[in-house]
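So this one's start-v4.cif, mmCIF, C-alpha atoms:
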data_entry
loop_
_atom_site.label_atom_id
_atom_site.label_comp_id
_atom_site.auth_asym_id
_atom_site.auth_seq_id
_atom_site.Cartn_x
_atom_site.Cartn_y
_atom_site.Cartn_z
CA MET A 333 59.53 -111.96 -91.57
CA SER A 334 61.59 -109.01 -92.72
CA GLU A 335 64.62 -110.64 -91.15
CA MET A 336 64.25 -113.67 -93.44
CA ILE A 337 65.09 -111.76 -96.56
CA PRO A 338 68.40 -110.34 -95.37
CA GLU A 339 69.34 -113.74 -93.96
CA ALA A 340 68.78 -115.43 -97.32
CA LYS A 341 70.92 -112.76 -98.97
CA LEU A 342 73.58 -113.10 -96.30
CA ILE A 343 73.64 -116.84 -96.85
CA GLN A 344 73.99 -116.41 -100.59
CA ASP A 345 76.74 -113.80 -100.22
CA SER A 346 78.55 -115.99 -97.70
CA LYS A 347 78.40 -118.91 -100.12
CA ASN A 348 79.99 -116.63 -102.70
CA GLY A 349 82.91 -116.04 -100.33
CA ASP A 350 81.89 -112.78 -98.70
CA ASN A 351 83.31 -113.12 -95.20
CA SER A 352 81.72 -109.88 -94.07
CA ALA A 353 78.29 -111.32 -94.91
CA PHE A 354 79.29 -114.47 -93.05
CA GLY A 355 80.14 -112.41 -89.99
CA LYS A 356 76.76 -110.66 -90.11
CA LEU A 357 74.97 -113.96 -90.66
CA ILE A 358 76.61 -115.62 -87.67
CA GLY A 359 76.15 -112.38 -85.70
CA ILE A 360 72.39 -112.99 -85.73
CA TYR A 361 72.91 -116.17 -83.70
CA ARG A 362 76.10 -115.23 -81.89
CA LYS A 363 74.74 -114.87 -78.36
CA ASN A 364 72.56 -117.94 -78.54
CA LEU A 365 75.40 -119.94 -80.04
CA PHE A 366 77.98 -118.87 -77.51
CA THR A 367 75.60 -119.31 -74.56
CA TYR A 368 74.77 -122.79 -75.77
CA LEU A 369 78.44 -123.75 -76.08
CA LEU A 370 79.32 -122.20 -72.74
CA ARG A 371 76.56 -124.00 -70.88
CA MET A 372 77.53 -127.24 -72.58
CA CYS A 373 81.20 -127.11 -71.70
CA LYS A 374 81.00 -124.92 -68.60
CA GLU A 375 84.29 -123.11 -69.27
CA ARG A 376 84.67 -119.81 -71.12
CA MET A 377 88.03 -120.42 -72.79
CA THR A 378 86.83 -123.79 -74.05
CA ALA A 379 83.57 -122.27 -75.28
CA GLU A 380 85.55 -119.74 -77.33
CA ASP A 381 87.61 -122.56 -78.84
CA LEU A 382 84.44 -124.47 -79.65
CA LEU A 383 82.90 -121.36 -81.19
CA GLN A 384 85.96 -120.94 -83.38
CA GLU A 385 85.72 -124.58 -84.50
CA THR A 386 82.03 -124.16 -85.21
CA LEU A 387 82.68 -121.09 -87.34
CA ILE A 388 85.42 -122.83 -89.32
CA LYS A 389 83.19 -125.85 -89.99
CA ALA A 390 80.24 -123.64 -90.87
CA TRP A 391 82.34 -121.65 -93.35
CA LYS A 392 83.77 -124.80 -94.91
CA GLY A 393 80.36 -126.50 -95.05
CA LEU A 394 78.42 -123.56 -96.48
CA LYS A 395 78.64 -124.92 -99.99
CA SER A 396 76.77 -128.03 -98.96
CA TYR A 397 74.16 -126.15 -96.90
CA ASN A 398 70.65 -126.82 -98.20
CA GLU A 399 68.37 -123.77 -98.01
CA GLN A 400 65.39 -125.99 -97.32
CA GLN A 401 66.73 -126.47 -93.79
CA LYS A 402 66.61 -123.58 -91.37
CA PHE A 403 70.04 -121.97 -91.12
CA SER A 404 69.93 -121.85 -87.32
CA SER A 405 69.12 -125.59 -87.18
CA TRP A 406 72.06 -126.32 -89.46
CA LEU A 407 74.38 -124.07 -87.47
CA PHE A 408 73.39 -125.49 -84.11
CA THR A 409 73.78 -129.04 -85.40
CA ILE A 410 77.40 -128.19 -86.18
CA ALA A 411 77.83 -126.56 -82.77
CA HIS A 412 76.28 -129.55 -81.04
CA ASN A 413 78.57 -132.02 -82.82
CA VAL A 414 81.62 -129.86 -82.07
CA SER A 415 80.76 -129.69 -78.37
CA ILE A 416 80.04 -133.42 -78.13
CA ASP A 417 83.35 -134.24 -79.84
CA ALA A 418 85.15 -131.90 -77.47
CA ILE A 419 83.52 -133.46 -74.43
CA ARG A 420 84.45 -136.91 -75.63
CA THR A 421 87.97 -136.36 -76.87
CA ARG A 422 89.22 -133.60 -74.69
CA LYS A 423 87.58 -135.05 -71.54
CA ILE A 424 86.30 -131.80 -70.26
CA ARG A 425 85.89 -132.25 -66.55
CA GLY A 426 83.18 -130.81 -64.48
CA GLU A 427 85.16 -127.81 -63.35
CA THR A 428 83.54 -125.00 -61.42
CA PRO A 429 80.94 -123.69 -63.87
CA TYR A 430 81.52 -120.23 -65.24
CA LEU A 431 78.75 -118.12 -63.70
CA SER A 432 77.69 -114.87 -65.23
CA ASP A 433 76.80 -112.08 -62.84
CA LYS A 434 74.78 -110.39 -65.57
CA VAL A 435 71.09 -110.75 -64.81
CA ASP A 436 68.10 -108.96 -66.16
CA VAL A 437 66.32 -107.17 -63.32
CA ALA A 438 63.22 -105.07 -63.90
CA SER A 439 63.48 -101.53 -62.58
CA ASP A 440 60.41 -101.73 -60.33
CA TYR A 441 61.86 -104.41 -58.05
CA THR A 442 63.06 -103.48 -54.56
CA PRO A 443 66.75 -104.06 -53.79
CA HIS A 444 65.94 -107.11 -51.63
CA SER A 445 63.82 -108.63 -54.39
CA GLU A 446 66.60 -107.95 -56.87
CA LEU A 447 69.07 -109.82 -54.71
CA VAL A 448 66.73 -112.79 -54.32
CA MET A 449 66.03 -112.88 -58.03
CA THR A 450 69.73 -112.71 -58.87
CA GLU A 451 70.52 -115.62 -56.57
CA SER A 452 67.61 -117.58 -58.01
CA LYS A 453 68.83 -117.06 -61.56
CA VAL A 454 72.39 -117.99 -60.66
CA SER A 455 71.06 -121.12 -58.99
CA LEU A 456 69.00 -122.01 -62.09
CA GLN A 457 71.99 -121.50 -64.36
CA ARG A 458 74.12 -123.69 -62.13
CA GLU A 459 71.40 -126.33 -62.07
CA VAL A 460 71.22 -126.35 -65.89
CA GLU A 461 74.97 -126.81 -66.14
CA ASN A 462 74.82 -129.66 -63.65
CA LEU A 463 72.10 -131.59 -65.47
CA PRO A 464 73.14 -135.03 -66.75
CA ALA A 465 74.68 -134.75 -70.23
CA ASP A 466 71.69 -136.02 -72.27
CA GLN A 467 69.17 -133.90 -70.39
CA ARG A 468 71.42 -130.83 -70.66
CA GLN A 469 71.88 -131.33 -74.41
CA VAL A 470 68.15 -131.64 -75.06
CA PHE A 471 67.22 -128.72 -72.83
CA LEU A 472 69.88 -126.37 -74.19
CA LEU A 473 69.28 -127.29 -77.83
CA ARG A 474 65.58 -126.65 -77.35
CA GLN A 475 66.11 -123.30 -75.66
CA HIS A 476 68.83 -121.88 -77.91
CA SER A 477 68.37 -123.33 -81.35
CA ALA A 478 65.29 -123.42 -83.52
CA LEU A 479 65.44 -127.21 -83.63
CA SER A 480 62.20 -129.05 -82.99
CA PHE A 481 62.18 -132.08 -80.72
CA LYS A 482 62.04 -134.28 -83.79
CA GLU A 483 65.15 -132.58 -85.20
CA ILE A 484 66.89 -132.79 -81.83
CA ALA A 485 66.22 -136.54 -81.84
CA GLU A 486 67.88 -136.79 -85.27
CA VAL A 487 70.87 -134.71 -84.20
CA MET A 488 71.36 -136.78 -81.06
CA ASN A 489 70.62 -140.01 -82.91
CA GLN A 490 68.05 -141.05 -80.34
CA PRO A 491 64.34 -141.96 -80.57
CA LEU A 492 61.90 -139.07 -80.14
CA ASN A 493 60.37 -140.64 -77.01
CA THR A 494 63.80 -140.84 -75.39
CA VAL A 495 64.47 -137.18 -76.15
CA LEU A 496 61.08 -136.22 -74.68
CA SER A 497 61.89 -138.25 -71.56
CA HIS A 498 65.18 -136.37 -71.16
CA MET A 499 63.30 -133.09 -71.42
CA HIS A 500 60.70 -134.27 -68.91
CA TYR A 501 63.34 -135.13 -66.28
CA ALA A 502 65.27 -131.94 -66.97
CA ILE A 503 62.17 -129.82 -66.38
CA LYS A 504 61.39 -131.76 -63.21
CA LYS A 505 64.89 -131.10 -61.78
CA LEU A 506 64.89 -127.45 -62.77
CA ARG A 507 61.40 -126.96 -61.36
CA ARG A 508 62.62 -128.35 -58.03
CA CYS A 509 65.44 -125.79 -58.10
CA LEU A 510 62.96 -122.96 -58.63
CA ASN A 511 60.77 -124.27 -55.81
CA GLU A 512 63.69 -124.30 -53.38
CA GLU A 513 64.23 -120.54 -53.79
CA MET B 224 37.68 -144.71 -66.78
CA LYS B 225 40.47 -144.10 -64.24
CA SER B 226 42.96 -146.28 -66.13
CA LYS B 227 42.08 -144.54 -69.42
CA ARG B 228 42.68 -141.16 -67.79
CA LYS B 229 45.97 -142.43 -66.32
CA THR B 230 47.09 -143.41 -69.83
CA ILE B 231 46.18 -139.98 -71.17
CA CYS B 232 48.14 -138.39 -68.30
CA GLU B 233 51.19 -140.51 -69.11
CA GLU B 234 50.95 -139.60 -72.78
CA PHE B 235 50.48 -135.96 -71.85
CA LYS B 236 53.77 -135.88 -69.93
CA LYS B 237 55.59 -136.43 -73.22
CA GLU B 238 53.18 -134.79 -75.63
CA VAL B 239 53.11 -131.57 -73.61
CA PHE B 240 56.47 -130.62 -75.16
CA LEU B 241 55.18 -131.22 -78.68
CA PHE B 242 52.01 -129.36 -77.73
CA GLN B 243 54.07 -126.44 -76.44
CA GLU B 244 56.22 -126.28 -79.61
CA GLY B 245 53.12 -126.57 -81.79
CA SER B 246 54.07 -129.74 -83.63
CA LEU B 247 51.18 -131.98 -82.50
CA PRO B 248 48.63 -133.05 -85.15
CA GLU B 249 45.35 -131.10 -85.02
CA GLU B 250 43.29 -133.96 -83.64
CA ARG B 251 45.74 -134.45 -80.75
CA ILE B 252 45.77 -130.74 -79.91
CA GLY B 253 42.01 -130.82 -79.28
CA LEU B 254 42.37 -133.85 -76.98
CA ILE B 255 45.25 -132.30 -75.06
CA GLU B 256 43.44 -129.00 -74.59
CA HIS B 257 40.35 -130.80 -73.38
CA HIS B 258 42.42 -132.90 -70.97
CA LEU B 259 44.19 -129.82 -69.64
CA GLY B 260 40.82 -128.35 -68.82
CA ILE B 261 39.86 -131.25 -66.53
CA CYS B 262 43.10 -132.72 -65.12
CA ARG B 263 44.80 -130.76 -62.31
CA SER B 264 47.86 -132.99 -62.31
CA CYS B 265 48.54 -132.29 -65.99
CA GLN B 266 47.79 -128.61 -65.47
CA ALA B 267 50.60 -128.61 -62.88
CA VAL B 268 52.96 -130.35 -65.33
CA TYR B 269 52.17 -127.75 -68.00
CA LYS B 270 52.67 -124.92 -65.51
CA ASP B 271 56.04 -126.35 -64.46
CA LEU B 272 57.16 -126.37 -68.08
CA ARG B 273 56.14 -122.76 -68.66
CA ASP B 274 57.69 -121.61 -65.38
CA VAL B 275 61.04 -123.23 -66.05
CA ILE B 276 61.24 -122.03 -69.64
CA GLY B 277 60.13 -118.56 -68.57
CA ALA B 278 62.77 -118.43 -65.82
CA TYR B 279 65.47 -119.69 -68.18
CA LYS B 280 64.59 -117.10 -70.82
CA ASN B 281 65.13 -114.42 -68.17
CA LEU B 282 68.72 -115.50 -67.72
CA ALA B 283 71.16 -113.21 -69.47
CA LYS B 284 72.74 -114.67 -72.56
CA GLU B 285 76.51 -114.94 -72.64
CA ASP B 286 78.51 -113.22 -75.32
CA VAL B 287 82.02 -113.02 -76.68
CA ASP B 288 83.85 -109.70 -77.18
CA GLU B 289 83.03 -107.92 -80.43
CA SER B 290 86.69 -107.64 -81.42
CA ARG B 291 87.31 -111.28 -80.50
CA PHE B 292 84.31 -112.36 -82.56
CA ASN B 293 85.50 -110.36 -85.58
CA TYR B 294 88.91 -111.99 -85.20
CA MET B 295 87.27 -115.42 -85.12
CA ILE B 296 85.35 -114.66 -88.31
CA ARG B 297 88.56 -113.53 -90.04
CA LYS B 298 90.34 -116.70 -88.92
CA SER B 299 87.46 -118.93 -90.00
CA THR B 300 87.29 -117.45 -93.47
CA ASP B 301 91.02 -117.16 -94.00
CA LEU B 302 92.01 -120.77 -93.56
CA GLU B 303 95.68 -120.14 -94.39
CA ILE B 304 96.16 -118.68 -90.97
CA LEU B 305 95.92 -121.98 -89.14
CA PRO B 306 99.03 -121.81 -86.90
CA TRP B 307 97.20 -119.28 -84.71
CA LYS B 308 94.50 -121.86 -84.22
CA PHE B 309 96.97 -124.50 -83.15
CA ALA B 310 98.78 -122.08 -80.86
CA GLN B 311 95.48 -121.21 -79.25
CA LYS B 312 94.65 -124.88 -78.92
CA ARG B 313 97.98 -125.58 -77.28
CA LYS B 314 97.33 -122.82 -74.80
CA SER B 315 93.89 -124.22 -74.12
CA LEU B 316 95.32 -127.71 -73.61
CA ILE B 317 97.78 -126.43 -71.03
CA GLU B 318 95.02 -124.59 -69.29
CA MET B 319 92.74 -127.59 -69.41
CA PHE B 320 95.11 -130.31 -68.33
CA GLY B 321 97.62 -128.32 -66.36
CA PHE B 322 101.29 -127.86 -67.01
CA TYR B 323 102.46 -130.81 -64.91
CA LYS B 324 100.08 -133.33 -66.39
CA LEU B 325 100.96 -132.24 -69.88
CA SER B 326 104.68 -132.50 -69.04
CA LEU B 327 104.13 -135.97 -67.59
CA GLY B 328 102.30 -137.05 -70.70
CA GLY B 329 105.07 -135.66 -72.88
CA ALA B 330 107.74 -137.39 -70.78
CA ALA B 331 105.89 -140.71 -71.05
CA VAL B 332 105.72 -140.38 -74.83
CA ALA B 333 109.44 -139.49 -74.99
CA ALA B 334 110.36 -142.47 -72.77
CA ALA B 335 108.33 -144.83 -74.96
CA MET B 336 110.11 -143.54 -78.06
CA ILE B 337 113.52 -143.97 -76.42
CA LEU B 338 112.66 -147.55 -75.45
CA ILE B 339 111.60 -148.31 -79.01
CA ILE B 340 114.88 -146.88 -80.37
CA ILE B 341 116.91 -148.87 -77.83
CA SER B 342 115.12 -152.08 -78.77
CA PHE B 343 116.07 -151.50 -82.40
CA LEU B 344 119.68 -150.79 -81.46
CA SER B 345 119.99 -153.87 -79.25
CA GLU B 346 119.27 -156.25 -82.08
CA PRO B 347 122.32 -158.34 -83.01
CA SER B 348 124.60 -156.42 -85.30
CA VAL B 349 125.51 -157.73 -88.65
CA ASP B 350 128.98 -158.60 -87.35
CA ASN B 351 127.60 -161.21 -84.99
CA LYS B 352 125.61 -162.86 -87.70
CA LEU B 353 127.27 -165.34 -89.91
CA PRO B 354 126.74 -165.28 -93.64
CA TYR B 355 125.39 -168.50 -94.99
CA GLU B 356 128.69 -169.53 -96.63
CA LEU B 357 130.60 -169.18 -93.38
CA LEU B 358 127.81 -170.96 -91.58
CA ASP B 359 128.18 -173.91 -93.96
CA TRP B 360 131.94 -174.02 -93.42
CA ASN B 361 131.50 -173.78 -89.67
CA GLY B 362 128.89 -176.44 -89.91
CA ASP B 363 131.41 -178.75 -91.52
CA LYS B 364 133.97 -178.01 -88.81
CA ILE B 365 131.46 -178.72 -86.08
CA GLU B 366 130.38 -181.89 -87.81
CA SER B 367 133.94 -183.16 -87.97
CA LYS B 368 134.44 -182.40 -84.27
CA ILE B 369 131.30 -184.32 -83.44
CA GLU B 370 132.64 -187.17 -85.55
CA GLN B 371 135.90 -187.14 -83.61
CA ILE B 372 134.09 -187.33 -80.32
CA GLU B 373 131.84 -190.07 -81.62
CA ASN B 374 134.88 -192.06 -82.75
CA GLN B 375 136.45 -191.75 -79.34
CA ILE B 376 133.27 -192.94 -77.72
CA ILE B 377 133.00 -195.79 -80.22
CA SER B 378 136.59 -196.78 -79.56
CA LEU B 379 135.89 -196.70 -75.88
CA LYS B 380 132.83 -198.83 -76.42
CA SER B 381 134.56 -201.29 -78.71
CA ASP B 382 137.26 -201.81 -76.17
CA GLU B 383 134.76 -201.69 -73.53
CA TRP B 384 134.65 -205.14 -72.09
CA GLU B 385 138.22 -206.21 -72.76
CA ILE B 386 139.76 -202.99 -71.67
CA TYR B 387 137.31 -202.27 -68.97
CA ILE B 388 138.89 -204.68 -66.59
CA VAL B 389 142.33 -203.35 -67.46
CA ARG B 390 141.33 -199.76 -67.27
CA LYS B 391 139.36 -200.32 -64.21
CA ASN B 392 142.62 -200.76 -62.56
CA LYS B 393 143.98 -197.77 -64.38
CA LYS B 394 141.46 -195.22 -63.39
CA GLU B 395 143.64 -192.37 -64.32
CA SER B 396 143.78 -193.10 -68.04
CA TRP B 397 140.05 -193.96 -68.08
CA ASN B 398 139.19 -190.72 -66.37
CA ALA B 399 141.59 -188.80 -68.55
CA THR B 400 139.90 -190.12 -71.69
CA LEU B 401 136.46 -189.29 -70.41
CA LYS B 402 137.65 -185.92 -69.27
CA ASN B 403 139.07 -185.23 -72.69
CA ILE B 404 135.78 -186.17 -74.39
CA ARG B 405 133.84 -184.08 -71.92
CA SER B 406 135.98 -181.02 -72.50
CA GLN B 407 135.70 -181.42 -76.27
CA ILE B 408 131.92 -181.54 -75.91
CA GLU B 409 131.97 -178.43 -73.73
CA GLU B 410 134.12 -176.62 -76.23
CA LEU B 411 131.80 -177.64 -79.02
CA LYS B 412 128.80 -176.39 -77.05
CA LYS B 413 130.45 -173.04 -76.49
CA THR B 414 131.36 -172.75 -80.14
CA THR B 415 127.85 -173.45 -81.38
CA ASN B 416 126.15 -171.30 -78.68
CA ASN B 417 128.16 -168.23 -79.58
CA LYS B 418 126.90 -168.13 -83.10
CA GLU B 419 123.62 -166.46 -84.20
CA LEU B 420 121.82 -168.44 -86.82
#
Represent the supplied structure as structure tokens.
Amino acid sequence: MSEMIPEAKLIQDSKNGDNSAFGKLIGIYRKNLFTYLLRMCKERMTAEDLLQETLIKAWKGLKSYNEQQKFSSWLFTIAHNVSIDAIRTRKIRGETPYLSDKVDVASDYTPHSELVMTESKVSLQREVENLPADQRQVFLLRQHSALSFKEIAEVMNQPLNTVLSHMHYAIKKLRRCLNEE
Amino acid sequence: MKSKRKTICEEFKKEVFLFQEGSLPEERIGLIEHHLGICRSCQAVYKDLRDVIGAYKNLAKEDVDESRFNYMIRKSTDLEILPWKFAQKRKSLIEMFGFYKLSLGGAAVAAAMILIIISFLSEPSVDNKLPYELLDWNGDKIESKIEQIENQIISLKSDEWEIYIVRKNKKESWNATLKNIRSQIEELKKTTNNKEL
């Protein structure tokens, strides 16, 4: 709740041309945004390019941003469109997915358990990146942005039932991956 | 009863996501909660959803370097500095498509442009085209030549029967006349073929 007030001020300052406020505003969503783009395009250099494009479009489009919509929803809609355009026009191929070796491991796990958990998380990440495009989009948008399923359906220009089906099959595949470990 | 429950289970498979995000209407929430209490299959579906989302949330989020991010913000807000963006994009293109493929693409574009230029150059030059006045004059010349040939043929024809018997015995002069007409026709053909209209 206390975060909402600074965000509204940051938005207003950014609209007035304060690029430092813009940096702080985007900084709130930076990790989520970059992770989303990276898992969409599977390649770090491309994800950075897409992030740059997203920031440019967000800065340019700030004047038309309507405060009634959640800022994160608006921002991720831009990011989603940028990534979809990139996939279509630049024909990003399914190269070897960039895999992070950073995993969160609780301190009370034994070394063997840590290793198993790390492999399991790497496997899950790989599985997410290998989901079919529609399922991956729905799953990632749901996990990283504040968009509801109804909003995701609008962004993807698909019926709500179709979006829910994509999510259903994504969960089924990812569940199978967890079961295999 | 079984078919009704099956329908609820099918609806649950989709509504579980709306239930989990809290966007189901109140009356539906009560039904879903009640169904979850009695249906093991749907309990398993709900558990799967929570397990997967829980496991995914435990994955570390990716991040970009602080200094790189600050640079991106500066570039986004200072739109005059666009050449950097294009230079970066060019680098990314090379990395994405590979040097050789990009070179091949560039060579194909260059070859297409050269072919287009050559096709423009190979069009007949102005010198080979006749202006309309000269075309008219040439037309008159050609017409008079055709008339000459026609007259020779007519004269041949008019003499045809009487002379035929005579000339039949004088093959040489007959052939010479025909040969002459033929060569005039050939010359006329060449003359008209050489000119662009």
Next on the checklist: Would you mind listing, as a PyMOL selection string, all residues of chain B that have at least one atom within 7 Å of chain A, where only C-alpha atoms are what counts?
Outcome noted: chain B and resi 237+271-272+275+281-286+295-296+299-300
Checklist entry - Suppose you want the space between atom CA of Glu256 of chain B and atom CA of Gly277 of chain B; what is it in Å? => result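 Between these atoms lies a distance of 20.6 Å.
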Checklist entry - Could you work out how far atom CA of Cys232 of chain B lies from atom CA of Gly245 of chain B, giving the answer in Å with one decimal? => result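 Taking atom CA of Gly245 of chain B as the start and atom CA of Cys232 of chain B as the end point, the length is 18.6 Å.
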Next on the checklist: Between atom CA of Ile252 of chain B and atom CA of Val268 of chain B, what is the distance in Å, rounded to a tenth?
Outcome noted: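 A separation of 16.3 Å between them.
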Item to check | Evaluate the PyMOL selection byres ((chain A and resi 409) around 12) and report residues as an MDAnalysis selection string | outcome: chainID A and resid 365 368:369 386 389:390 393 397 401:408 410:416 469 473:474 476:480 483:489
